[in-house]
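Undergrad: Take a look at my_file-v2.txt, compact mmCIF, C-alpha atoms and all ligand atoms:
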# COMPACT_ATOMS: atom_id res chain seq x y z
CA MET A 12 162.28 80.07 47.14
CA ASN A 13 162.59 76.77 45.30
CA TYR A 14 161.13 73.58 46.81
CA ASN A 15 161.25 70.01 45.49
CA ILE A 16 158.09 68.08 46.27
CA ALA A 17 157.50 64.40 45.53
CA VAL A 18 153.82 63.91 44.65
CA LEU A 19 152.49 60.36 45.15
CA LYS A 20 148.94 60.40 43.81
CA GLY A 21 148.31 56.71 44.48
CA ASP A 22 144.99 55.02 43.77
CA GLY A 23 141.22 55.59 43.81
CA ILE A 24 140.45 59.26 44.48
CA GLY A 25 144.20 59.91 44.97
CA PRO A 26 144.75 61.52 41.53
CA GLU A 27 141.64 63.76 41.86
CA ILE A 28 142.41 65.07 45.34
CA CYS A 29 146.11 65.56 44.53
CA ALA A 30 145.15 67.60 41.46
CA GLY A 31 143.19 69.86 43.83
CA ALA A 32 146.17 70.26 46.17
CA VAL A 33 148.50 70.99 43.23
CA LEU A 34 146.14 73.71 41.99
CA THR A 35 146.38 75.34 45.43
CA LEU A 36 150.18 75.06 45.46
CA GLU A 37 150.34 76.67 42.00
CA LYS A 38 148.29 79.61 43.26
CA ILE A 39 150.50 79.98 46.35
CA ALA A 40 153.62 79.87 44.17
CA LYS A 41 152.25 82.64 41.97
CA LYS A 42 151.10 84.84 44.83
CA PHE A 43 154.12 84.48 47.12
CA GLY A 44 156.84 84.09 44.47
CA HIS A 45 157.90 80.48 45.17
CA LYS A 46 158.75 77.67 42.80
CA PHE A 47 157.45 74.20 43.59
CA ASN A 48 159.15 71.55 41.48
CA LEU A 49 156.72 68.61 41.46
CA ASN A 50 158.04 65.11 40.84
CA TYR A 51 155.17 62.63 40.27
CA LEU A 52 155.98 59.10 41.45
CA PRO A 53 154.14 55.77 41.65
CA VAL A 54 153.04 54.18 44.94
CA GLY A 55 150.40 51.61 45.96
CA GLY A 56 148.22 49.67 43.54
CA CYS A 57 149.16 51.65 40.43
CA ALA A 58 152.84 50.95 41.24
CA ILE A 59 152.10 47.22 41.61
CA ASP A 60 150.46 47.24 38.16
CA GLU A 61 153.31 49.09 36.49
CA TYR A 62 156.40 48.02 38.45
CA GLY A 63 155.32 44.87 40.35
CA SER A 64 155.99 46.59 43.71
CA PRO A 65 153.85 48.97 45.85
CA LEU A 66 156.98 51.04 46.53
CA PRO A 67 159.35 51.03 43.55
CA GLU A 68 163.01 51.88 44.11
CA LYS A 69 162.74 55.11 42.11
CA THR A 70 159.96 56.33 44.45
CA VAL A 71 162.07 55.59 47.55
CA LYS A 72 165.08 57.39 46.07
CA ALA A 73 163.08 60.49 45.10
CA CYS A 74 161.33 60.65 48.50
CA LEU A 75 164.67 60.51 50.31
CA GLU A 76 166.12 63.26 48.11
CA CYS A 77 163.20 65.73 47.96
CA ASP A 78 162.24 68.51 50.39
CA SER A 79 158.90 66.88 51.26
CA VAL A 80 156.33 64.35 50.10
CA LEU A 81 152.63 64.85 49.31
CA LEU A 82 150.55 61.67 49.18
CA GLY A 83 146.99 61.07 47.96
CA ALA A 84 145.93 57.58 49.11
CA VAL A 85 146.59 53.97 48.23
CA GLY A 86 144.51 50.80 47.89
CA GLY A 87 141.44 49.51 46.11
CA TYR A 88 139.25 46.49 45.38
CA LYS A 89 141.54 45.32 42.58
CA TRP A 90 144.41 44.57 44.98
CA ASP A 91 142.36 43.43 48.01
CA ASN A 92 143.16 39.74 47.58
CA LEU A 93 146.94 40.05 47.34
CA PRO A 94 148.99 38.70 50.28
CA ALA A 95 149.57 41.29 53.05
CA ASP A 96 153.20 42.03 52.13
CA LYS A 97 152.33 42.65 48.46
CA ARG A 98 149.34 44.94 49.03
CA PRO A 99 149.28 48.68 48.17
CA GLU A 100 149.21 49.66 51.88
CA LYS A 101 152.53 47.88 52.39
CA GLY A 102 154.10 50.55 50.15
CA LEU A 103 153.00 53.27 52.53
CA LEU A 104 154.19 51.43 55.66
CA GLU A 105 157.55 50.84 53.98
CA LEU A 106 157.83 54.48 52.98
CA ARG A 107 157.23 55.64 56.57
CA LYS A 108 159.91 53.22 57.69
CA VAL A 109 162.60 54.18 55.15
CA MET A 110 161.98 57.88 55.79
CA ASN A 111 162.16 57.17 59.58
CA LEU A 112 158.94 59.10 60.22
CA TYR A 113 158.31 58.51 63.92
CA SER A 114 155.85 61.28 64.70
CA ASN A 115 152.37 61.49 63.28
CA ILE A 116 150.47 64.72 63.80
CA ARG A 117 146.74 64.76 63.17
CA PRO A 118 144.80 67.92 63.86
CA ALA A 119 141.07 67.23 64.31
CA LYS A 120 139.41 70.56 63.76
CA LEU A 121 135.76 71.44 63.61
CA TRP A 122 135.44 74.18 61.02
CA LYS A 123 133.18 77.14 61.60
CA ASN A 124 129.85 76.54 59.81
CA LEU A 125 130.39 72.77 59.73
CA ALA A 126 128.96 72.01 63.18
CA ASP A 127 126.04 70.21 61.50
CA ALA A 128 128.49 67.58 60.21
CA SER A 129 129.49 66.61 63.78
CA PRO A 130 127.59 63.78 65.47
CA LEU A 131 127.89 65.63 68.83
CA LYS A 132 125.24 67.90 70.34
CA HIS A 133 125.58 71.59 69.55
CA GLU A 134 126.20 72.59 73.19
CA LEU A 135 129.31 70.38 73.31
CA ILE A 136 130.91 71.92 70.24
CA LYS A 137 129.66 75.50 70.26
CA ASN A 138 133.11 76.83 71.18
CA GLY A 139 134.83 74.83 68.43
CA ILE A 140 137.15 71.82 68.59
CA GLU A 141 140.79 71.56 67.65
CA ILE A 142 142.51 68.51 69.10
CA ILE A 143 146.01 67.82 67.82
CA ILE A 144 147.02 64.24 68.43
CA VAL A 145 150.74 63.55 68.31
CA ARG A 146 151.10 59.80 67.82
CA GLU A 147 154.32 57.80 68.09
CA LEU A 148 154.49 56.01 64.74
CA THR A 149 157.39 53.58 64.57
CA GLY A 150 157.43 51.82 67.96
CA GLY A 151 155.16 50.08 70.45
CA ILE A 152 152.97 47.05 69.94
CA TYR A 153 152.73 47.41 66.13
CA PHE A 154 156.47 46.79 65.86
CA GLY A 155 157.02 44.47 68.86
CA GLU A 156 157.66 40.75 68.81
CA ARG A 157 154.70 38.65 67.61
CA LYS A 158 154.13 35.00 68.33
CA SER A 159 151.47 32.41 67.70
CA GLY A 160 151.32 28.66 68.06
CA PHE A 161 150.12 25.98 70.45
CA GLU A 162 150.74 25.75 74.17
CA ASN A 163 149.35 22.96 76.33
CA CYS A 164 147.31 21.81 73.31
CA ALA A 165 145.63 25.23 73.00
CA GLU A 166 146.22 27.76 70.22
CA TYR A 167 147.55 31.15 71.34
CA ALA A 168 148.86 34.45 69.91
CA SER A 169 150.78 37.31 71.52
CA ASP A 170 152.01 40.80 70.60
CA THR A 171 154.58 42.73 72.59
CA GLU A 172 154.58 46.41 73.49
CA LYS A 173 158.08 47.82 73.93
CA TYR A 174 159.23 51.43 74.22
CA SER A 175 162.64 52.89 74.92
CA VAL A 176 163.24 56.18 76.74
CA ARG A 177 164.75 57.57 73.54
CA GLU A 178 161.61 56.79 71.54
CA ILE A 179 159.38 58.41 74.16
CA GLU A 180 161.63 61.45 74.52
CA ARG A 181 161.73 62.27 70.81
CA ILE A 182 157.94 62.14 70.42
CA THR A 183 157.54 64.19 73.61
CA LYS A 184 159.87 66.80 72.11
CA THR A 185 157.67 67.02 68.98
CA ALA A 186 154.55 67.44 71.15
CA CYS A 187 156.21 70.04 73.41
CA GLU A 188 157.37 72.12 70.44
CA LEU A 189 153.80 72.15 69.14
CA ALA A 190 152.31 72.95 72.56
CA MET A 191 154.72 75.88 72.94
CA LYS A 192 153.36 77.40 69.70
CA ARG A 193 149.79 76.98 70.95
CA SER A 194 148.24 76.87 74.46
CA LYS A 195 151.33 75.55 76.31
CA LYS A 196 149.08 72.76 77.54
CA LEU A 197 149.91 69.12 76.89
CA VAL A 198 147.93 65.99 77.68
CA SER A 199 149.81 62.69 77.77
CA VAL A 200 147.68 59.57 77.36
CA ASP A 201 148.74 56.19 78.76
CA LYS A 202 147.51 53.20 80.76
CA ALA A 203 149.99 53.57 83.63
CA ASN A 204 147.64 51.92 86.12
CA VAL A 205 148.19 48.60 84.30
CA LEU A 206 151.02 48.63 81.77
CA GLU A 207 154.76 48.74 82.49
CA THR A 208 155.44 50.53 79.17
CA SER A 209 152.91 53.18 80.18
CA ARG A 210 154.66 53.70 83.52
CA LEU A 211 157.93 54.32 81.64
CA TRP A 212 156.01 56.53 79.19
CA ARG A 213 154.58 58.67 82.00
CA LYS A 214 157.88 59.02 83.86
CA THR A 215 159.80 59.89 80.69
CA VAL A 216 157.26 62.47 79.49
CA HIS A 217 157.33 64.16 82.93
CA ASP A 218 161.13 64.12 83.21
CA TYR A 219 161.49 65.53 79.68
CA CYS A 220 158.90 68.28 80.15
CA GLU A 221 160.26 69.34 83.55
CA LYS A 222 163.80 69.54 82.19
CA HIS A 223 163.19 71.14 78.79
CA TYR A 224 159.75 72.78 78.88
CA PRO A 225 158.91 73.71 82.51
CA GLU A 226 156.39 76.31 81.27
CA ILE A 227 154.17 73.57 79.78
CA GLU A 228 151.18 72.50 81.85
CA LEU A 229 151.29 68.70 81.59
CA THR A 230 148.32 66.47 82.46
CA ASP A 231 148.13 62.66 82.39
CA VAL A 232 144.93 61.01 81.24
CA LEU A 233 144.30 57.26 81.17
CA VAL A 234 143.36 56.03 77.72
CA ASP A 235 139.93 54.71 78.71
CA ASN A 236 139.04 58.05 80.31
CA MET A 237 140.42 59.88 77.24
CA ALA A 238 138.09 57.91 74.95
CA MET A 239 135.17 59.11 77.10
CA GLN A 240 136.34 62.70 77.44
CA ILE A 241 136.73 63.15 73.65
CA VAL A 242 132.99 62.71 73.21
CA LYS A 243 131.99 64.30 76.53
CA ASP A 244 133.97 67.54 76.42
CA PRO A 245 136.26 67.71 73.36
CA ALA A 246 136.92 71.45 73.72
CA GLN A 247 139.09 70.84 76.82
CA PHE A 248 141.90 69.35 74.68
CA ASP A 249 144.60 71.03 72.62
CA VAL A 250 147.83 69.03 72.08
CA VAL A 251 147.77 65.33 73.05
CA VAL A 252 150.75 62.98 72.95
CA THR A 253 150.41 59.21 73.01
CA SER A 254 151.75 55.85 71.86
CA ASN A 255 151.26 54.18 68.49
CA LEU A 256 148.30 51.96 69.45
CA PHE A 257 146.42 54.50 71.58
CA GLY A 258 147.07 57.25 69.00
CA ASP A 259 145.71 55.10 66.19
CA ILE A 260 142.39 54.62 67.97
CA LEU A 261 142.01 58.05 69.57
CA SER A 262 142.87 59.97 66.39
CA ASP A 263 140.07 58.20 64.50
CA GLU A 264 137.67 58.98 67.32
CA ALA A 265 138.72 62.65 67.36
CA ALA A 266 138.41 62.81 63.55
CA GLN A 267 134.89 61.43 63.65
CA ILE A 268 133.53 64.09 66.01
CA THR A 269 134.58 66.84 63.60
CA GLY A 270 132.36 65.49 60.82
CA SER A 271 133.81 64.23 57.55
CA ILE A 272 137.17 62.54 57.19
CA GLY A 273 137.35 64.42 53.90
CA MET A 274 138.34 67.52 55.90
CA LEU A 275 141.32 66.22 57.90
CA ALA A 276 145.02 66.02 57.06
CA SER A 277 148.05 64.57 58.78
CA SER A 278 151.80 64.90 58.75
CA SER A 279 154.47 62.33 59.54
CA LEU A 280 157.90 63.64 60.44
CA GLY A 281 161.23 62.30 61.66
CA GLU A 282 164.52 63.99 62.56
CA THR A 283 164.57 66.20 59.45
CA LYS A 284 162.19 68.74 57.97
CA CYS A 285 161.32 66.36 55.13
CA GLY A 286 157.92 64.90 55.97
CA LEU A 287 155.06 62.93 54.47
CA TYR A 288 151.79 64.86 54.22
CA GLU A 289 148.50 63.17 53.41
CA PRO A 290 144.74 63.21 54.03
CA ILE A 291 143.68 60.90 56.86
CA HIS A 292 141.20 59.05 54.65
CA GLY A 293 141.86 56.20 52.25
CA SER A 294 141.47 55.91 48.48
CA ALA A 295 137.63 55.77 48.63
CA PRO A 296 137.27 53.39 45.66
CA ASP A 297 133.47 53.64 45.97
CA ILE A 298 133.54 57.25 44.72
CA ALA A 299 136.73 57.25 42.61
CA GLY A 300 136.57 58.88 39.18
CA LYS A 301 133.19 60.51 39.88
CA ASP A 302 134.48 63.99 40.76
CA ILE A 303 132.59 63.97 44.06
CA ALA A 304 135.46 63.48 46.55
CA ASN A 305 136.25 66.25 49.00
CA PRO A 306 139.73 67.62 48.15
CA ILE A 307 140.02 69.76 51.32
CA ALA A 308 141.94 67.20 53.44
CA THR A 309 144.63 66.95 50.75
CA ILE A 310 144.72 70.72 50.24
CA LEU A 311 145.21 71.05 54.01
CA ALA A 312 147.96 68.41 53.88
CA ALA A 313 149.76 70.57 51.31
CA ALA A 314 149.23 73.61 53.57
CA MET A 315 150.73 71.74 56.56
CA MET A 316 153.73 70.90 54.40
CA LEU A 317 154.27 74.60 53.65
CA ARG A 318 154.08 75.48 57.36
CA ASP A 319 155.86 72.56 59.00
CA SER A 320 158.50 71.57 56.43
CA PHE A 321 159.16 74.92 54.72
CA ASN A 322 158.30 77.38 57.54
CA LEU A 323 155.84 79.20 55.25
CA THR A 324 153.31 80.20 57.92
CA GLU A 325 151.73 83.06 55.96
CA GLU A 326 151.15 80.75 53.01
CA TYR A 327 149.58 78.16 55.37
CA SER A 328 147.17 80.78 56.73
CA ALA A 329 146.30 81.93 53.20
CA ILE A 330 145.09 78.41 52.37
CA GLU A 331 143.27 77.94 55.68
CA ASN A 332 141.50 81.29 55.26
CA ALA A 333 140.55 80.46 51.66
CA ILE A 334 138.96 77.17 52.80
CA GLN A 335 137.00 78.95 55.55
CA LYS A 336 135.84 81.57 53.02
CA VAL A 337 134.53 78.94 50.62
CA LEU A 338 132.70 77.21 53.49
CA ASP A 339 131.29 80.58 54.64
CA GLU A 340 130.00 81.08 51.08
CA ASN A 341 128.09 77.80 51.55
CA TYR A 342 129.91 75.68 48.97
CA ARG A 343 130.01 72.00 49.96
CA THR A 344 131.09 68.67 48.49
CA ALA A 345 128.63 65.78 48.88
CA ASP A 346 130.18 64.43 52.12
CA ILE A 347 129.60 67.72 54.00
CA MET A 348 126.42 68.78 52.19
CA GLY A 349 123.71 70.38 54.32
CA LYS A 350 120.31 71.99 53.81
CA GLY A 351 120.41 75.14 51.67
CA LYS A 352 124.06 74.68 50.69
CA ILE A 353 125.56 74.73 47.19
CA LYS A 354 126.82 71.32 46.07
CA VAL A 355 130.07 71.27 44.09
CA GLY A 356 132.40 68.54 42.83
CA CYS A 357 136.02 67.87 43.70
CA LYS A 358 137.49 69.94 40.87
CA LYS A 359 135.18 72.91 41.42
CA MET A 360 135.85 72.92 45.19
CA ALA A 361 139.61 73.05 44.56
CA GLU A 362 139.15 75.87 42.02
CA LEU A 363 137.01 77.88 44.45
CA ILE A 364 139.67 77.56 47.16
CA ALA A 365 142.56 78.42 44.81
CA ASN A 366 140.66 81.47 43.55
CA ARG A 367 140.26 82.80 47.08
CA ILE A 368 143.95 82.69 47.92
P1 LIG A 401 138.24 55.34 53.02
O1 LIG A 401 138.75 56.39 53.91
O2 LIG A 401 138.86 55.25 51.68
O3 LIG A 401 136.65 55.53 52.82
C1 LIG A 401 135.72 55.47 53.89
C2 LIG A 401 134.45 56.22 53.48
O4 LIG A 401 134.71 57.62 53.45
C3 LIG A 401 133.97 55.85 52.07
O5 LIG A 401 132.56 55.87 52.06
C4 LIG A 401 134.49 56.96 51.20
O6 LIG A 401 133.71 57.21 50.05
C5 LIG A 401 134.47 58.15 52.15
N1 LIG A 401 135.55 59.12 51.85
C6 LIG A 401 136.87 58.94 52.06
N2 LIG A 401 137.54 60.02 51.64
C7 LIG A 401 136.63 60.88 51.17
C8 LIG A 401 136.72 62.18 50.59
N3 LIG A 401 137.89 62.82 50.41
N4 LIG A 401 135.58 62.78 50.19
C9 LIG A 401 134.39 62.18 50.36
N5 LIG A 401 134.24 60.96 50.91
C10 LIG A 401 135.35 60.32 51.31
O7 LIG A 401 138.38 53.97 53.82
P2 LIG A 401 138.10 52.46 53.34
O8 LIG A 401 136.89 52.44 52.47
O9 LIG A 401 138.15 51.68 54.58
O10 LIG A 401 139.37 52.06 52.48
C11 LIG A 401 139.43 52.13 51.05
C12 LIG A 401 140.84 51.79 50.62
O11 LIG A 401 141.74 52.76 51.11
C13 LIG A 401 141.34 50.45 51.16
O12 LIG A 401 142.06 49.79 50.16
C14 LIG A 401 142.22 50.82 52.33
O13 LIG A 401 143.20 49.88 52.61
C15 LIG A 401 142.81 52.12 51.81
N6 LIG A 401 143.30 53.04 52.84
C16 LIG A 401 144.39 53.78 52.51
C17 LIG A 401 144.87 54.73 53.40
C18 LIG A 401 146.04 55.57 52.98
O14 LIG A 401 146.39 55.58 51.80
N7 LIG A 401 146.64 56.31 53.89
C19 LIG A 401 144.23 54.93 54.62
C20 LIG A 401 143.08 54.19 54.91
C21 LIG A 401 142.62 53.25 54.00
Can you turn what I pasted into structure tokens?
TA:
Amino acid sequence: MNYNIAVLKGDGIGPEICAGAVLTLEKIAKKFGHKFNLNYLPVGGCAIDEYGSPLPEKTVKACLECDSVLLGAVGGYKWDNLPADKRPEKGLLELRKVMNLYSNIRPAKLWKNLADASPLKHELIKNGIEIIIVRELTGGIYFGERKSGFENCAEYASDTEKYSVREIERITKTACELAMKRSKKLVSVDKANVLETSRLWRKTVHDYCEKHYPEIELTDVLVDNMAMQIVKDPAQFDVVVTSNLFGDILSDEAAQITGSIGMLASSSLGETKCGLYEPIHGSAPDIAGKDIANPIATILAAAMMLRDSFNLTEEYSAIENAIQKVLDENYRTADIMGKGKIKVGCKKMAELIANRI
């Protein structure tokens, strides 16, 4: 099969980690007889330098026309002092908006043989962790009305959380579809004891599940309890659905207990199969150009693209197994290095993985 992929390398370690993911895709293409047509496009700081915009028109057009998008990361010291709406990160926010990507899926997985990288005690993680957080990405408090000013001679600021039934239903559908492919268990996180939006969230998730997925075991957890449970007993969770704000915080917490952010990928999807796949980390300007970044998160992002946008499940497993094999053989990049392990750079790690596919 032929697939058109827009590759947005971005800034910092972006080009290095994307090169690793492309190497993996080339090996998959060869082994499984696919053709990946890669279209390299500017985004972030490098796009500001060349085109005066973090998201040039030609990048938008190509992303809307391709089969899926692979992104490295954006940002860096050089652009840190630009006004908020001219910064590299603005390009990414804009891209999510124009592609209408409302669901963000972040699997936080503790890989076999990487337990040492987790800050949690061994007894808590001995049975492994794989929490998949499904976060609503285009609604809620991040997109609600904002105000600031003076009232009764005192300065104030306010942000508004607003959700419609339609917004909650479509993210619930994404989470249910995922849960059906896994344990058929779904946890919905809210703050229904206090917030009106959370009460609507809870009611809508229940109504939707009962009507469309009665076989799913649905549990509600309050967000404060969820934050505790993730560090107390992470193995109890599988698929978790939540709002934009809660998902932002909880997905970082879940990522942290698995060890390095260099190992975790995410996908953002909307109504179509065309998604945006990226590592969860940023452009790591402190290690850029040194060939020491971990390329695994970006390689996994490419693997998720094959599975979730192109339905290539065998190809996804081939990459996942190759990564596990390399870890079993004790190869490590600096961020996941442990005693008695073999230290390799970004390029070498990607080559080792590609060679084991
Ligand atoms: P970061 O994720 O880039 O880095 C945090 C720490 O993790 C750094 O010490 C870095 O060296 C390390 N790290 C990150 N990825 C790694 C990898 N693959 N291998 C090994 N180590 C890795 O976060 P930050 O330092 O807060 O942000 C740096 C820049 O990235 C900023 O400009 C920020 O705005 C941007 N950013 C971009 C995205 C994105 O493109 N999606 C996300 C977050 C931050």
Undergrad: When you draw a straight line from CA of Ala265 (chain A) to CA of Trp90 (chain A), how long is it in Å?
TA: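 Between these atoms lies a distance of 29.3 Å.
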Undergrad: Please report the interatomic distance between CA of Trp122 (chain A) and CA of Arg318 (chain A) in Å with one decimal.
TA: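 Atom-to-atom, CA of Trp122 (chain A) and CA of Arg318 (chain A) are spaced 19.0 Å apart.
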Undergrad: Of the candidates A:Lys137, A:Arg193, A:Lys243, A:Lys158, which shows the shortest atom-to-atom distance to Leu125 (chain A), using only C-alpha atoms?
TA: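 Among A:Lys137, A:Arg193, A:Lys243, A:Lys158, it is A:Lys137 that comes nearest to Leu125 (chain A).
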Undergrad: Between A:Val216, A:Leu19, A:Met237, A:Ala295, single out the one closest to ligand LIG 401 (chain A), counting all atoms listed in the file.
TA: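 Looking only at the distances to ligand LIG 401 (chain A), the closest residue turns out to be A:Ala295.
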Undergrad: Hey, which of A:Asn115, A:Asn163, A:Gln267, A:Thr344 ends up closest to Lys358 (chain A)? Count all atoms listed in the file.
TA: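 Looking at the shortest contact to Lys358 (chain A), the residue is A:Thr344.
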Undergrad: Counting all atoms listed in the file, which residues of chain A sit at most 6 Å from some atom of ligand LIG 401 (chain A), and what is each one's closest atom pair with its distance in Å to one decimal, listed by chain and rising residue number, as JSON lines?
TA:
{"residue": "A:Ala84", "atom": "CA", "partner": "A:LIG401", "partner_atom": "O14", "distance": 3.4}
{"residue": "A:Val85", "atom": "CA", "partner": "A:LIG401", "partner_atom": "O14", "distance": 3.9}
{"residue": "A:Gly86", "atom": "CA", "partner": "A:LIG401", "partner_atom": "O12", "distance": 3.5}
{"residue": "A:Gly87", "atom": "CA", "partner": "A:LIG401", "partner_atom": "O12", "distance": 4.1}
{"residue": "A:Gly273", "atom": "CA", "partner": "A:LIG401", "partner_atom": "N3", "distance": 3.9}
{"residue": "A:His292", "atom": "CA", "partner": "A:LIG401", "partner_atom": "O1", "distance": 3.7}
{"residue": "A:Gly293", "atom": "CA", "partner": "A:LIG401", "partner_atom": "O2", "distance": 3.2}
{"residue": "A:Ser294", "atom": "CA", "partner": "A:LIG401", "partner_atom": "O11", "distance": 4.1}
{"residue": "A:Ala295", "atom": "CA", "partner": "A:LIG401", "partner_atom": "O2", "distance": 3.3}
{"residue": "A:Pro296", "atom": "CA", "partner": "A:LIG401", "partner_atom": "C11", "distance": 5.9}
{"residue": "A:Asp297", "atom": "CA", "partner": "A:LIG401", "partner_atom": "O6", "distance": 5.4}
{"residue": "A:Ile298", "atom": "CA", "partner": "A:LIG401", "partner_atom": "O6", "distance": 5.3}
{"residue": "A:Ala304", "atom": "CA", "partner": "A:LIG401", "partner_atom": "N4", "distance": 3.7}
{"residue": "A:Asn305", "atom": "CA", "partner": "A:LIG401", "partner_atom": "N4", "distance": 3.7}
{"residue": "A:Pro306", "atom": "CA", "partner": "A:LIG401", "partner_atom": "N3", "distance": 5.6}
{"residue": "A:Asp346", "atom": "CA", "partner": "A:LIG401", "partner_atom": "C9", "distance": 5.1}
Undergrad: Hey, what's within 7 Å of Leu121 (chain A) if we count only C-alpha atoms and toss same-chain stuff fewer than 4 positions away? As an MDAnalysis selection string, please?
TA: chainID A and resid 125:126 139:141 269
Undergrad: Give me the residues within 12 Å of Gly44 (chain A) as a count of residues only, counting only C-alpha atoms and dropping any in the same chain fewer than 3 places off.
TA: 12
Undergrad: Skip Glu68 (chain A) itself and residues of its chain fewer than 6 positions away, then list as a list in words all residues within 12 Å of it, counting all atoms listed in the file.
TA: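 Close residues of Glu68 (chain A): Leu52, Pro53, Val54, Ala58, Tyr62, Cys74, Leu75, Gly102, Glu105, Leu106 and Val109 of chain A.
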Undergrad: So which residues touch Lys195 (chain A) within 7 Å, counting all atoms listed in the file, skipping near sequence neighbours fewer than 4 positions away, as a CSV table (one decimal) with C-alpha atoms, keeping the file's coordinate frame?
TA:
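Below is the file around.csv, written as the result:
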chain,number,residue,atom,x,y,z
A,190,ALA,CA,152.3,73.0,72.6
A,191,MET,CA,154.7,75.9,72.9
A,227,ILE,CA,154.2,73.6,79.8
A,228,GLU,CA,151.2,72.5,81.8
